[in-house]
$ cat start17.pdb   # PDB, C-alpha atoms and all ligand atoms
MODEL        1
ATOM      1  CA  MET A   1       2.738 -16.932  20.814
ATOM      2  CA  ALA A   2       4.501 -19.370  18.505
ATOM      3  CA  LYS A   3       6.227 -18.159  15.376
ATOM      4  CA  PRO A   4       3.885 -18.566  12.354
ATOM      5  CA  GLU A   5       4.265 -21.899  10.577
ATOM      6  CA  PRO A   6       5.232 -21.668   6.889
ATOM      7  CA  GLY A   7       2.276 -21.538   4.524
ATOM      8  CA  ILE A   8       0.219 -18.688   3.151
ATOM      9  CA  THR A   9      -3.370 -18.596   2.026
ATOM     10  CA  LEU A  10      -4.246 -15.539  -0.038
ATOM     11  CA  VAL A  11      -7.844 -14.502  -0.613
ATOM     12  CA  GLY A  12      -8.063 -12.193  -3.628
ATOM     13  CA  GLY A  13      -5.511 -12.673  -6.390
ATOM     14  CA  GLY A  14      -5.987  -9.239  -7.951
ATOM     15  CA  ARG A  15      -3.375  -6.562  -8.502
ATOM     16  CA  MET A  16      -2.015  -6.274  -4.959
ATOM     17  CA  GLY A  17      -2.519  -9.943  -4.115
ATOM     18  CA  SER A  18      -0.649 -11.000  -7.245
ATOM     19  CA  ALA A  19       2.141  -8.492  -6.614
ATOM     20  CA  LEU A  20       2.616 -10.112  -3.198
ATOM     21  CA  ALA A  21       2.336 -13.677  -4.466
ATOM     22  CA  GLY A  22       4.754 -12.961  -7.325
ATOM     23  CA  GLY A  23       7.269 -11.717  -4.781
ATOM     24  CA  TRP A  24       6.843 -14.748  -2.518
ATOM     25  CA  ILE A  25       7.240 -17.103  -5.463
ATOM     26  CA  GLY A  26      10.234 -15.180  -6.820
ATOM     27  CA  ALA A  27      11.917 -15.215  -3.426
ATOM     28  CA  GLY A  28      11.376 -18.973  -3.088
ATOM     29  CA  TYR A  29       8.988 -18.731  -0.126
ATOM     30  CA  ASP A  30       9.537 -21.662   2.169
ATOM     31  CA  GLY A  31       6.011 -23.099   2.358
ATOM     32  CA  PRO A  32       2.856 -23.832   0.387
ATOM     33  CA  ILE A  33       0.933 -20.930  -1.153
ATOM     34  CA  ALA A  34      -2.814 -21.279  -1.706
ATOM     35  CA  ILE A  35      -4.771 -18.619  -3.559
ATOM     36  CA  HIS A  36      -8.531 -18.268  -3.529
ATOM     37  CA  ASP A  37     -10.086 -16.210  -6.314
ATOM     38  CA  PRO A  38     -13.312 -17.064  -8.145
ATOM     39  CA  ASN A  39     -12.070 -15.565 -11.441
ATOM     40  CA  PRO A  40      -8.366 -16.410 -11.579
ATOM     41  CA  THR A  41      -6.209 -14.421 -13.967
ATOM     42  CA  GLU A  42      -3.953 -16.063 -16.553
ATOM     43  CA  GLN A  43      -1.048 -15.331 -14.194
ATOM     44  CA  LEU A  44      -2.667 -17.296 -11.350
ATOM     45  CA  LYS A  45      -3.434 -20.185 -13.710
ATOM     46  CA  ALA A  46       0.175 -20.193 -14.962
ATOM     47  CA  TRP A  47       1.493 -20.320 -11.380
ATOM     48  CA  GLU A  48      -0.835 -23.213 -10.663
ATOM     49  CA  ALA A  49       0.244 -25.064 -13.825
ATOM     50  CA  ALA A  50       3.887 -24.587 -12.806
ATOM     51  CA  GLY A  51       3.160 -26.038  -9.353
ATOM     52  CA  LYS A  52       3.954 -22.753  -7.614
ATOM     53  CA  ILE A  53       0.547 -22.348  -5.963
ATOM     54  CA  ALA A  54      -2.627 -24.257  -5.220
ATOM     55  CA  LEU A  55      -5.541 -22.444  -6.820
ATOM     56  CA  ASN A  56      -8.903 -22.537  -5.040
ATOM     57  CA  PRO A  57      -8.108 -25.643  -2.968
ATOM     58  CA  ALA A  58     -10.625 -27.030  -0.464
ATOM     59  CA  PRO A  59     -10.808 -24.573   2.431
ATOM     60  CA  GLU A  60      -8.770 -25.383   5.516
ATOM     61  CA  PRO A  61      -7.311 -23.272   8.333
ATOM     62  CA  ALA A  62      -4.306 -21.306   7.121
ATOM     63  CA  ALA A  63      -1.002 -20.736   8.888
ATOM     64  CA  THR A  64      -1.053 -17.163   7.571
ATOM     65  CA  LEU A  65      -4.123 -15.769   5.852
ATOM     66  CA  VAL A  66      -3.718 -12.675   3.680
ATOM     67  CA  VAL A  67      -6.970 -10.958   2.729
ATOM     68  CA  ALA A  68      -6.622  -8.833  -0.400
ATOM     69  CA  VAL A  69     -10.158  -8.418  -1.696
ATOM     70  CA  LYS A  70     -11.851  -5.038  -2.052
ATOM     71  CA  PRO A  71     -13.145  -3.864   1.326
ATOM     72  CA  GLN A  72     -16.733  -3.668   0.067
ATOM     73  CA  ILE A  73     -16.554  -7.382  -0.922
ATOM     74  CA  PHE A  74     -15.271  -8.554   2.455
ATOM     75  CA  PRO A  75     -18.557  -8.390   4.448
ATOM     76  CA  LYS A  76     -20.211 -10.457   1.704
ATOM     77  CA  ILE A  77     -17.604 -13.234   1.771
ATOM     78  CA  THR A  78     -16.968 -13.546   5.501
ATOM     79  CA  ASP A  79     -18.626 -16.979   5.509
ATOM     80  CA  THR A  80     -16.117 -18.251   2.954
ATOM     81  CA  VAL A  81     -13.166 -16.724   4.797
ATOM     82  CA  THR A  82     -13.932 -18.001   8.315
ATOM     83  CA  PRO A  83     -13.168 -21.676   7.427
ATOM     84  CA  LEU A  84      -9.657 -20.475   6.543
ATOM     85  CA  VAL A  85      -9.113 -19.204  10.083
ATOM     86  CA  GLY A  86      -8.097 -21.620  12.810
ATOM     87  CA  PRO A  87      -6.959 -21.004  16.393
ATOM     88  CA  ASP A  88      -3.334 -20.419  15.299
ATOM     89  CA  THR A  89      -3.971 -18.526  12.061
ATOM     90  CA  LEU A  90      -2.243 -15.174  11.676
ATOM     91  CA  VAL A  91      -4.509 -12.909   9.608
ATOM     92  CA  LEU A  92      -3.166  -9.995   7.575
ATOM     93  CA  SER A  93      -5.634  -7.690   5.844
ATOM     94  CA  ILE A  94      -4.526  -5.224   3.193
ATOM     95  CA  MET A  95      -8.066  -3.889   2.832
ATOM     96  CA  ALA A  96      -8.479  -0.175   3.310
ATOM     97  CA  GLY A  97     -10.890   1.004   5.976
ATOM     98  CA  ILE A  98     -11.423  -2.230   7.956
ATOM     99  CA  THR A  99     -10.108  -1.853  11.485
ATOM    100  CA  LEU A 100      -8.252  -4.462  13.547
ATOM    101  CA  ASP A 101     -11.310  -4.779  15.806
ATOM    102  CA  GLY A 102     -13.626  -5.076  12.819
ATOM    103  CA  MET A 103     -11.450  -7.802  11.354
ATOM    104  CA  ALA A 104     -11.090  -9.621  14.679
ATOM    105  CA  GLY A 105     -14.847  -9.504  15.250
ATOM    106  CA  LYS A 106     -15.761 -10.789  11.794
ATOM    107  CA  LEU A 107     -13.196 -13.598  11.799
ATOM    108  CA  ASP A 108     -13.435 -14.444  15.491
ATOM    109  CA  THR A 109      -9.719 -14.235  16.188
ATOM    110  CA  LYS A 110      -7.458 -11.744  17.889
ATOM    111  CA  ARG A 111      -4.371 -12.609  15.834
ATOM    112  CA  VAL A 112      -4.950  -9.969  13.165
ATOM    113  CA  ALA A 113      -2.843  -7.331  11.441
ATOM    114  CA  ARG A 114      -3.452  -4.614   8.864
ATOM    115  CA  ALA A 115      -1.265  -3.295   6.114
ATOM    116  CA  MET A 116      -1.827  -0.278   3.904
ATOM    117  CA  PRO A 117       0.127  -0.574   0.670
ATOM    118  CA  ASN A 118       0.338   2.011  -2.101
ATOM    119  CA  THR A 119       0.266   1.599  -5.876
ATOM    120  CA  PRO A 120       4.052   1.766  -6.432
ATOM    121  CA  GLY A 121       3.971  -1.538  -4.529
ATOM    122  CA  LEU A 122       2.705  -3.056  -7.768
ATOM    123  CA  ILE A 123       6.243  -2.617  -9.148
ATOM    124  CA  GLY A 124       8.014  -3.336  -5.848
ATOM    125  CA  LYS A 125       8.657   0.330  -5.069
ATOM    126  CA  GLY A 126       5.899   0.903  -2.583
ATOM    127  CA  MET A 127       5.676   2.096   0.981
ATOM    128  CA  THR A 128       3.480  -0.219   3.018
ATOM    129  CA  LEU A 129       2.281   0.632   6.517
ATOM    130  CA  LEU A 130       2.002  -2.239   8.974
ATOM    131  CA  CYS A 131      -0.322  -2.025  11.939
ATOM    132  CA  LEU A 132      -0.590  -4.639  14.704
ATOM    133  CA  PRO A 133      -2.632  -4.989  17.884
ATOM    134  CA  ASP A 134      -0.822  -3.753  21.026
ATOM    135  CA  ASP A 135      -0.353  -7.305  22.295
ATOM    136  CA  ALA A 136       0.976  -8.753  19.013
ATOM    137  CA  SER A 137       4.132 -10.798  19.264
ATOM    138  CA  PRO A 138       7.363  -9.343  17.829
ATOM    139  CA  ASP A 139       7.717 -12.570  15.830
ATOM    140  CA  ASP A 140       4.448 -11.870  14.022
ATOM    141  CA  GLY A 141       5.596  -8.313  13.253
ATOM    142  CA  ALA A 142       8.938  -9.441  11.856
ATOM    143  CA  TYR A 143       7.339 -12.223   9.831
ATOM    144  CA  LEU A 144       4.702  -9.907   8.341
ATOM    145  CA  LYS A 145       7.328  -7.332   7.385
ATOM    146  CA  ASP A 146       9.098 -10.048   5.412
ATOM    147  CA  LEU A 147       5.815 -11.114   3.858
ATOM    148  CA  LEU A 148       5.085  -7.562   2.681
ATOM    149  CA  ALA A 149       8.601  -6.983   1.332
ATOM    150  CA  PRO A 150       7.644  -7.798  -2.308
ATOM    151  CA  LEU A 151       5.729  -4.514  -2.371
ATOM    152  CA  GLY A 152       8.790  -2.471  -1.349
ATOM    153  CA  ASP A 153       9.568  -0.781   1.963
ATOM    154  CA  VAL A 154       7.498  -1.506   5.059
ATOM    155  CA  GLU A 155       7.014   1.045   7.829
ATOM    156  CA  GLY A 156       5.896  -0.073  11.259
ATOM    157  CA  PRO A 157       4.395  -1.471  13.232
ATOM    158  CA  ILE A 158       2.601   1.847  13.641
ATOM    159  CA  ARG A 159      -0.283   2.531  16.016
ATOM    160  CA  GLU A 160      -3.732   2.193  14.475
ATOM    161  CA  ASP A 161      -4.614   5.729  15.585
ATOM    162  CA  GLN A 162      -1.799   6.949  13.292
ATOM    163  CA  LEU A 163      -2.911   4.932  10.302
ATOM    164  CA  SER A 164      -5.288   7.539   8.852
ATOM    165  CA  ALA A 165      -2.592  10.218   8.853
ATOM    166  CA  ALA A 166       0.026   7.818   7.506
ATOM    167  CA  THR A 167      -2.406   6.659   4.809
ATOM    168  CA  ALA A 168      -3.006  10.270   3.818
ATOM    169  CA  ILE A 169       0.729  10.560   3.127
ATOM    170  CA  SER A 170       1.896   7.269   1.630
ATOM    171  CA  GLY A 171      -1.396   5.627   0.631
ATOM    172  CA  CYS A 172      -2.802   8.689  -1.145
ATOM    173  CA  GLY A 173       0.590  10.225  -1.883
ATOM    174  CA  PRO A 174       1.121   8.627  -5.304
ATOM    175  CA  ALA A 175      -1.951  10.553  -6.473
ATOM    176  CA  TYR A 176      -0.368  13.796  -5.264
ATOM    177  CA  ALA A 177       2.778  13.003  -7.249
ATOM    178  CA  PHE A 178       0.735  12.113 -10.356
ATOM    179  CA  LEU A 179      -1.155  15.381  -9.969
ATOM    180  CA  LEU A 180       2.145  17.244  -9.766
ATOM    181  CA  ALA A 181       3.185  15.689 -13.089
ATOM    182  CA  GLU A 182      -0.186  16.590 -14.602
ATOM    183  CA  VAL A 183      -0.156  20.226 -13.510
ATOM    184  CA  MET A 184       3.515  20.717 -14.413
ATOM    185  CA  ALA A 185       2.821  19.389 -17.898
ATOM    186  CA  ALA A 186      -0.344  21.493 -18.223
ATOM    187  CA  ALA A 187       1.611  24.584 -17.182
ATOM    188  CA  GLY A 188       4.248  23.789 -19.802
ATOM    189  CA  LYS A 189       1.527  23.475 -22.436
ATOM    190  CA  ALA A 190      -0.101  26.709 -21.284
ATOM    191  CA  HIS A 191       3.248  28.414 -21.812
ATOM    192  CA  GLY A 192       3.663  27.125 -25.337
ATOM    193  CA  LEU A 193       5.292  23.692 -25.087
ATOM    194  CA  ASP A 194       4.100  20.700 -27.076
ATOM    195  CA  GLU A 195       1.775  18.697 -24.788
ATOM    196  CA  ALA A 196       3.525  15.328 -25.149
ATOM    197  CA  MET A 197       6.947  16.842 -24.634
ATOM    198  CA  ALA A 198       5.741  18.789 -21.575
ATOM    199  CA  LEU A 199       4.494  15.522 -20.062
ATOM    200  CA  ARG A 200       7.777  13.754 -20.813
ATOM    201  CA  LEU A 201       9.699  16.572 -19.130
ATOM    202  CA  ALA A 202       7.422  16.536 -16.075
ATOM    203  CA  LYS A 203       7.475  12.747 -15.613
ATOM    204  CA  LYS A 204      11.222  12.371 -16.022
ATOM    205  CA  THR A 205      11.880  15.333 -13.751
ATOM    206  CA  ILE A 206       9.744  13.869 -10.966
ATOM    207  CA  GLU A 207      11.389  10.467 -11.404
ATOM    208  CA  GLY A 208      14.869  11.998 -11.346
ATOM    209  CA  ALA A 209      14.134  14.246  -8.371
ATOM    210  CA  GLY A 210      12.736  11.239  -6.476
ATOM    211  CA  ALA A 211      15.824   9.152  -7.225
ATOM    212  CA  LEU A 212      18.152  11.997  -6.226
ATOM    213  CA  MET A 213      16.200  12.541  -3.008
ATOM    214  CA  MET A 214      16.535   8.864  -2.067
ATOM    215  CA  ASP A 215      20.230   8.840  -2.952
ATOM    216  CA  ALA A 216      21.197  12.073  -1.198
ATOM    217  CA  ASP A 217      22.181  12.482   2.437
ATOM    218  CA  GLU A 218      20.557  15.938   2.589
ATOM    219  CA  PRO A 219      16.853  16.426   3.357
ATOM    220  CA  PRO A 220      14.495  17.527   0.538
ATOM    221  CA  SER A 221      14.524  21.111   1.823
ATOM    222  CA  LYS A 222      18.317  21.283   1.302
ATOM    223  CA  LEU A 223      18.055  19.751  -2.173
ATOM    224  CA  ARG A 224      15.435  22.394  -2.982
ATOM    225  CA  GLU A 225      17.737  25.141  -1.742
ATOM    226  CA  ASN A 226      20.555  23.696  -3.856
ATOM    227  CA  VAL A 227      18.577  24.394  -7.060
ATOM    228  CA  THR A 228      17.386  27.796  -5.901
ATOM    229  CA  SER A 229      19.971  30.518  -6.512
ATOM    230  CA  PRO A 230      19.097  33.865  -4.948
ATOM    231  CA  GLY A 231      17.344  36.016  -7.514
ATOM    232  CA  GLY A 232      17.275  33.113  -9.977
ATOM    233  CA  VAL A 233      14.698  31.404 -12.144
ATOM    234  CA  THR A 234      13.708  28.605  -9.735
ATOM    235  CA  LYS A 235      13.392  31.139  -6.913
ATOM    236  CA  ALA A 236      10.852  33.082  -8.967
ATOM    237  CA  ALA A 237       8.699  29.943  -9.281
ATOM    238  CA  LEU A 238       9.102  28.897  -5.638
ATOM    239  CA  ASP A 239       8.132  32.358  -4.436
ATOM    240  CA  VAL A 240       4.728  31.593  -5.960
ATOM    241  CA  LEU A 241       4.477  27.927  -4.905
ATOM    242  CA  MET A 242       5.555  28.632  -1.317
ATOM    243  CA  ARG A 243       3.296  31.622  -0.708
ATOM    244  CA  ALA A 244       1.384  31.458   2.584
ATOM    245  CA  ASP A 245      -1.793  30.291   0.828
ATOM    246  CA  ALA A 246      -0.050  27.988  -1.665
ATOM    247  CA  MET A 247       1.563  24.532  -1.568
ATOM    248  CA  PRO A 248       2.460  24.104   2.119
ATOM    249  CA  SER A 249      -0.940  25.158   3.451
ATOM    250  CA  LEU A 250      -2.832  23.500   0.585
ATOM    251  CA  MET A 251      -1.042  20.204   1.279
ATOM    252  CA  GLU A 252      -1.831  20.415   4.981
ATOM    253  CA  GLU A 253      -5.479  21.055   4.172
ATOM    254  CA  ALA A 254      -5.548  18.223   1.614
ATOM    255  CA  VAL A 255      -3.996  15.738   4.040
ATOM    256  CA  GLY A 256      -6.497  16.847   6.695
ATOM    257  CA  ALA A 257      -9.361  16.166   4.286
ATOM    258  CA  ALA A 258      -7.960  12.705   3.466
ATOM    259  CA  ILE A 259      -7.625  11.851   7.178
ATOM    260  CA  LYS A 260     -11.216  12.942   7.838
ATOM    261  CA  ARG A 261     -12.529  10.817   4.971
ATOM    262  CA  ASP A 262     -10.464   7.791   5.992
ATOM    263  CA  ARG A 263     -11.879   8.008   9.517
ATOM    264  CA  GLU A 264     -15.435   8.330   8.188
ATOM    265  CA  LEU A 265     -14.974   5.264   5.983
ATOM    266  CA  SER A 266     -13.445   3.253   8.843
ATOM    267  CA  GLY A 267     -16.456   4.139  11.007
ATOM    268  CA  ASP A 268     -14.310   5.984  13.584
TER     269      ASP A 268
HETATM  270  N1  LIG B   1      -4.289  -0.963  -5.259
HETATM  271  C1  LIG B   1      -3.868  -0.133  -4.307
HETATM  272  O1  LIG B   1      -3.173   0.846  -4.508
HETATM  273  C2  LIG B   1      -4.202  -0.381  -2.881
HETATM  274  C3  LIG B   1      -3.663   0.438  -1.911
HETATM  275  C4  LIG B   1      -3.988   0.202  -0.599
HETATM  276  C5  LIG B   1      -4.827  -0.842  -0.289
HETATM  277  N2  LIG B   1      -5.332  -1.613  -1.257
HETATM  278  C6  LIG B   1      -6.230  -2.675  -0.880
HETATM  279  O2  LIG B   1      -5.820  -3.885  -1.457
HETATM  280  C7  LIG B   1      -6.971  -4.677  -1.688
HETATM  281  C8  LIG B   1      -6.861  -5.268  -3.071
HETATM  282  O3  LIG B   1      -6.767  -4.217  -4.036
HETATM  283  P1  LIG B   1      -6.446  -4.533  -5.551
HETATM  284  O4  LIG B   1      -6.129  -3.251  -6.201
HETATM  285  O5  LIG B   1      -5.502  -5.684  -5.619
HETATM  286  O6  LIG B   1      -7.919  -5.034  -6.013
HETATM  287  P2  LIG B   1      -8.292  -6.055  -7.173
HETATM  288  O7  LIG B   1      -7.282  -6.018  -8.254
HETATM  289  O8  LIG B   1      -9.745  -5.801  -7.507
HETATM  290  O9  LIG B   1      -8.160  -7.474  -6.451
HETATM  291  C9  LIG B   1      -9.161  -8.049  -5.677
HETATM  292  C10 LIG B   1      -9.303  -9.486  -6.146
HETATM  293  O10 LIG B   1     -10.209 -10.170  -5.293
HETATM  294  C11 LIG B   1     -11.009 -11.000  -6.125
HETATM  295  N3  LIG B   1     -12.225 -11.462  -5.476
HETATM  296  C12 LIG B   1     -13.499 -11.001  -5.607
HETATM  297  N4  LIG B   1     -14.333 -11.750  -4.869
HETATM  298  C13 LIG B   1     -13.585 -12.698  -4.276
HETATM  299  C14 LIG B   1     -13.887 -13.781  -3.412
HETATM  300  N5  LIG B   1     -15.133 -14.045  -3.030
HETATM  301  N6  LIG B   1     -12.877 -14.574  -2.996
HETATM  302  C15 LIG B   1     -11.621 -14.326  -3.396
HETATM  303  N7  LIG B   1     -11.279 -13.321  -4.220
HETATM  304  C16 LIG B   1     -12.251 -12.520  -4.657
HETATM  305  C17 LIG B   1     -11.275 -10.115  -7.310
HETATM  306  O11 LIG B   1     -11.818 -10.835  -8.378
HETATM  307  P3  LIG B   1     -12.745 -10.048  -9.452
HETATM  308  O12 LIG B   1     -11.860  -9.047 -10.126
HETATM  309  O13 LIG B   1     -13.232 -11.131 -10.348
HETATM  310  O14 LIG B   1     -13.854  -9.378  -8.680
HETATM  311  C18 LIG B   1      -9.865  -9.589  -7.565
HETATM  312  O15 LIG B   1      -9.102 -10.523  -8.297
HETATM  313  C19 LIG B   1      -8.198  -3.773  -1.497
HETATM  314  O16 LIG B   1      -8.826  -4.110  -0.292
HETATM  315  C20 LIG B   1      -7.626  -2.396  -1.395
HETATM  316  O17 LIG B   1      -8.338  -1.619  -0.435
HETATM  317  C21 LIG B   1      -5.030  -1.425  -2.553
ENDMDL
END

$ encode --input "start17.pdb" --output "structure tokens" --more "lines below"
Ligand SMILES: NC(=O)c1ccc[n+]([C@@H]2O[C@H](COP(=O)([O-])OP(=O)(O)OC[C@H]3O[C@@H](n4cnc5c(N)ncnc54)[C@H](OP(=O)(O)O)[C@@H]3O)[C@@H](O)[C@H]2O)c1
Amino acid sequence: MAKPEPGITLVGGGRMGSALAGGWIGAGYDGPIAIHDPNPTEQLKAWEAAGKIALNPAPEPAATLVVAVKPQIFPKITDTVTPLVGPDTLVLSIMAGITLDGMAGKLDTKRVARAMPNTPGLIGKGMTLLCLPDDASPDDGAYLKDLLAPLGDVEGPIREDQLSAATAISGCGPAYAFLLAEVMAAAGKAHGLDEAMALRLAKKTIEGAGALMMDADEPPSKLRENVTSPGGVTKAALDVLMRADAMPSLMEEAVGAAIKRDRELSGD
């Protein structure tokens, strides 16, 4: 299969779509960018005014079509998306819960791909999962990884049967980290700290621990051991958090629940 021609058509210029488009524009993407969105934001209008994108142009088959509308909208707008798909169009969906087969069936093409971003992608610090059909060309995979780079790191291609589990880690994971900040701050408040200060301490600590983890050569378990002196203060807390019925088993159960729900929503 030929390498995709330059040119991107994006359907859905919302938060994720705009994060992608902003990255393509900033990186000087080598091809025209068309964005379809019935209610364009001021940002989309400004890009159009600056000649960076074509906003809601007449529909024509795209070289690469990126679908970034909410999944519940997609079945209602299939008729407006199909004219954007030609025989050579490479289609990338970032919609949660719509399978490669579902996408291929609705758009009558086999050249489809899925990506699952996460919210840190909105500031370029995301982890996006890329999923391709078994017979996809390596060129398409490499090209799509580049296309998704504005959101941060890209993992894949991964098999579609792994996507639910991977989504339960990186797609849902920001919520787990936000919850950690919430419960740390609440615990600080419960033990007498000022609420706002407790939240500042929790947020900065999670940010700093994340940065250290990414910078260090050691795995997280070693970094944890490094702050845990025998008989010390941190050890007293971890003895509670790491009890048999506590964080490790709770996380496994939580991830299992997320996987089950993802499969239900995808119709698997
Ligand atoms: N945000 C995340 O963390 C995240 C993570 C993983 C996957 N995703 C996926 O990414 C996709 C986009 O999410 P998002 O957070 O960017 O949503 P969003 O901000 O709501 O963006 C969707 C955009 O599509 C527009 N739209 C509605 N109908 C349309 C149509 N007929 N044609 C073209 N555009 C239309 C919406 O306009 P209106 O606002 O006027 O309706 C909105 O601007 C979703 O499928 C979601 O599952 C998001």

$ resolve_selection --input "start17.pdb" --expression "the PyMOL selection byres (((chain A and resi 102) around 12) and not hetatm)" --output "PDB file with C-alpha atoms, keeping the file's coordinate frame"
ATOM      1  CA  PRO A  71     -13.145  -3.864   1.326  1.00  0.00           C
ATOM      2  CA  PHE A  74     -15.271  -8.554   2.455  1.00  0.00           C
ATOM      3  CA  PRO A  75     -18.557  -8.390   4.448  1.00  0.00           C
ATOM      4  CA  THR A  78     -16.968 -13.546   5.501  1.00  0.00           C
ATOM      5  CA  SER A  93      -5.634  -7.690   5.844  1.00  0.00           C
ATOM      6  CA  MET A  95      -8.066  -3.889   2.832  1.00  0.00           C
ATOM      7  CA  ALA A  96      -8.479  -0.175   3.310  1.00  0.00           C
ATOM      8  CA  GLY A  97     -10.890   1.004   5.976  1.00  0.00           C
ATOM      9  CA  ILE A  98     -11.423  -2.230   7.956  1.00  0.00           C
ATOM     10  CA  THR A  99     -10.108  -1.853  11.485  1.00  0.00           C
ATOM     11  CA  LEU A 100      -8.252  -4.462  13.547  1.00  0.00           C
ATOM     12  CA  ASP A 101     -11.310  -4.779  15.806  1.00  0.00           C
ATOM     13  CA  MET A 103     -11.450  -7.802  11.354  1.00  0.00           C
ATOM     14  CA  ALA A 104     -11.090  -9.621  14.679  1.00  0.00           C
ATOM     15  CA  GLY A 105     -14.847  -9.504  15.250  1.00  0.00           C
ATOM     16  CA  LYS A 106     -15.761 -10.789  11.794  1.00  0.00           C
ATOM     17  CA  LEU A 107     -13.196 -13.598  11.799  1.00  0.00           C
ATOM     18  CA  ASP A 108     -13.435 -14.444  15.491  1.00  0.00           C
ATOM     19  CA  THR A 109      -9.719 -14.235  16.188  1.00  0.00           C
ATOM     20  CA  LYS A 110      -7.458 -11.744  17.889  1.00  0.00           C
ATOM     21  CA  VAL A 112      -4.950  -9.969  13.165  1.00  0.00           C
ATOM     22  CA  ALA A 113      -2.843  -7.331  11.441  1.00  0.00           C
ATOM     23  CA  ARG A 114      -3.452  -4.614   8.864  1.00  0.00           C
ATOM     24  CA  SER A 266     -13.445   3.253   8.843  1.00  0.00           C
ATOM     25  CA  GLY A 267     -16.456   4.139  11.007  1.00  0.00           C
ATOM     26  CA  ASP A 268     -14.310   5.984  13.584  1.00  0.00           C
TER      27      ASP A 268
END

$ residues_near_ligand --input "start17.pdb" --ligand "ligand LIG 1 (chain B)" --cutoff "8 Å" --atoms "all atoms listed in the file" --output "mmCIF file with C-alpha atoms, in the coordinates of the input"
data_model
loop_
_atom_site.group_PDB
_atom_site.id
_atom_site.type_symbol
_atom_site.label_atom_id
_atom_site.label_comp_id
_atom_site.auth_asym_id
_atom_site.auth_seq_id
_atom_site.Cartn_x
_atom_site.Cartn_y
_atom_site.Cartn_z
ATOM 1 C CA VAL A 11 -7.844 -14.502 -0.613
ATOM 2 C CA GLY A 12 -8.063 -12.193 -3.628
ATOM 3 C CA GLY A 13 -5.511 -12.673 -6.390
ATOM 4 C CA GLY A 14 -5.987 -9.239 -7.951
ATOM 5 C CA ARG A 15 -3.375 -6.562 -8.502
ATOM 6 C CA MET A 16 -2.015 -6.274 -4.959
ATOM 7 C CA GLY A 17 -2.519 -9.943 -4.115
ATOM 8 C CA SER A 18 -0.649 -11.000 -7.245
ATOM 9 C CA HIS A 36 -8.531 -18.268 -3.529
ATOM 10 C CA ASP A 37 -10.086 -16.210 -6.314
ATOM 11 C CA PRO A 38 -13.312 -17.064 -8.145
ATOM 12 C CA ASN A 39 -12.070 -15.565 -11.441
ATOM 13 C CA PRO A 40 -8.366 -16.410 -11.579
ATOM 14 C CA THR A 41 -6.209 -14.421 -13.967
ATOM 15 C CA VAL A 67 -6.970 -10.958 2.729
ATOM 16 C CA ALA A 68 -6.622 -8.833 -0.400
ATOM 17 C CA VAL A 69 -10.158 -8.418 -1.696
ATOM 18 C CA LYS A 70 -11.851 -5.038 -2.052
ATOM 19 C CA PRO A 71 -13.145 -3.864 1.326
ATOM 20 C CA GLN A 72 -16.733 -3.668 0.067
ATOM 21 C CA ILE A 73 -16.554 -7.382 -0.922
ATOM 22 C CA PHE A 74 -15.271 -8.554 2.455
ATOM 23 C CA LYS A 76 -20.211 -10.457 1.704
ATOM 24 C CA ILE A 77 -17.604 -13.234 1.771
ATOM 25 C CA THR A 80 -16.117 -18.251 2.954
ATOM 26 C CA SER A 93 -5.634 -7.690 5.844
ATOM 27 C CA ILE A 94 -4.526 -5.224 3.193
ATOM 28 C CA MET A 95 -8.066 -3.889 2.832
ATOM 29 C CA ALA A 96 -8.479 -0.175 3.310
ATOM 30 C CA GLY A 97 -10.890 1.004 5.976
ATOM 31 C CA ALA A 115 -1.265 -3.295 6.114
ATOM 32 C CA MET A 116 -1.827 -0.278 3.904
ATOM 33 C CA PRO A 117 0.127 -0.574 0.670
ATOM 34 C CA ASN A 118 0.338 2.011 -2.101
ATOM 35 C CA THR A 119 0.266 1.599 -5.876
ATOM 36 C CA PRO A 120 4.052 1.766 -6.432
ATOM 37 C CA GLY A 121 3.971 -1.538 -4.529
ATOM 38 C CA LEU A 122 2.705 -3.056 -7.768
ATOM 39 C CA GLY A 171 -1.396 5.627 0.631
#

$ residues_around --input "start17.pdb" --residues "Ala254 of chain A" --least-positions-apart "2" --cutoff "12 Å" --atoms "all atoms listed in the file" --output "list in words"
Ala165, Ala168, Ile169, Cys172, Gly173, Ala175, Tyr176, Ala246, Met247, Pro248, Ser249, Leu250, Met251, Glu252, Gly256, Ala257, Ala258, Ile259, Lys260 and Arg261 of chain A

$ write_last_selection --input "start17.pdb" --atoms "C-alpha atoms" --output "short mmCIF file (atom, residue, chain, number, x, y, z; two decimals), in the coordinates of the input"
data_model
loop_
_atom_site.label_atom_id
_atom_site.label_comp_id
_atom_site.auth_asym_id
_atom_site.auth_seq_id
_atom_site.Cartn_x
_atom_site.Cartn_y
_atom_site.Cartn_z
CA ALA A 165 -2.59 10.22 8.85
CA ALA A 168 -3.01 10.27 3.82
CA ILE A 169 0.73 10.56 3.13
CA CYS A 172 -2.80 8.69 -1.14
CA GLY A 173 0.59 10.22 -1.88
CA ALA A 175 -1.95 10.55 -6.47
CA TYR A 176 -0.37 13.80 -5.26
CA ALA A 246 -0.05 27.99 -1.66
CA MET A 247 1.56 24.53 -1.57
CA PRO A 248 2.46 24.10 2.12
CA SER A 249 -0.94 25.16 3.45
CA LEU A 250 -2.83 23.50 0.58
CA MET A 251 -1.04 20.20 1.28
CA GLU A 252 -1.83 20.42 4.98
CA GLY A 256 -6.50 16.85 6.70
CA ALA A 257 -9.36 16.17 4.29
CA ALA A 258 -7.96 12.70 3.47
CA ILE A 259 -7.62 11.85 7.18
CA LYS A 260 -11.22 12.94 7.84
CA ARG A 261 -12.53 10.82 4.97
#

$ closest_atom_pairs --input "start17.pdb" --of "segment 86-159 of chain A" --to "segment 54-60 of chain A" --cutoff "12 Å" --atoms "all atoms listed in the file" --output "CSV"
residue,atom,partner,partner_atom,distance
A:Gly86,CA,A:Glu60,CA,8.2
A:Pro87,CA,A:Glu60,CA,11.9
A:Thr89,CA,A:Glu60,CA,10.6
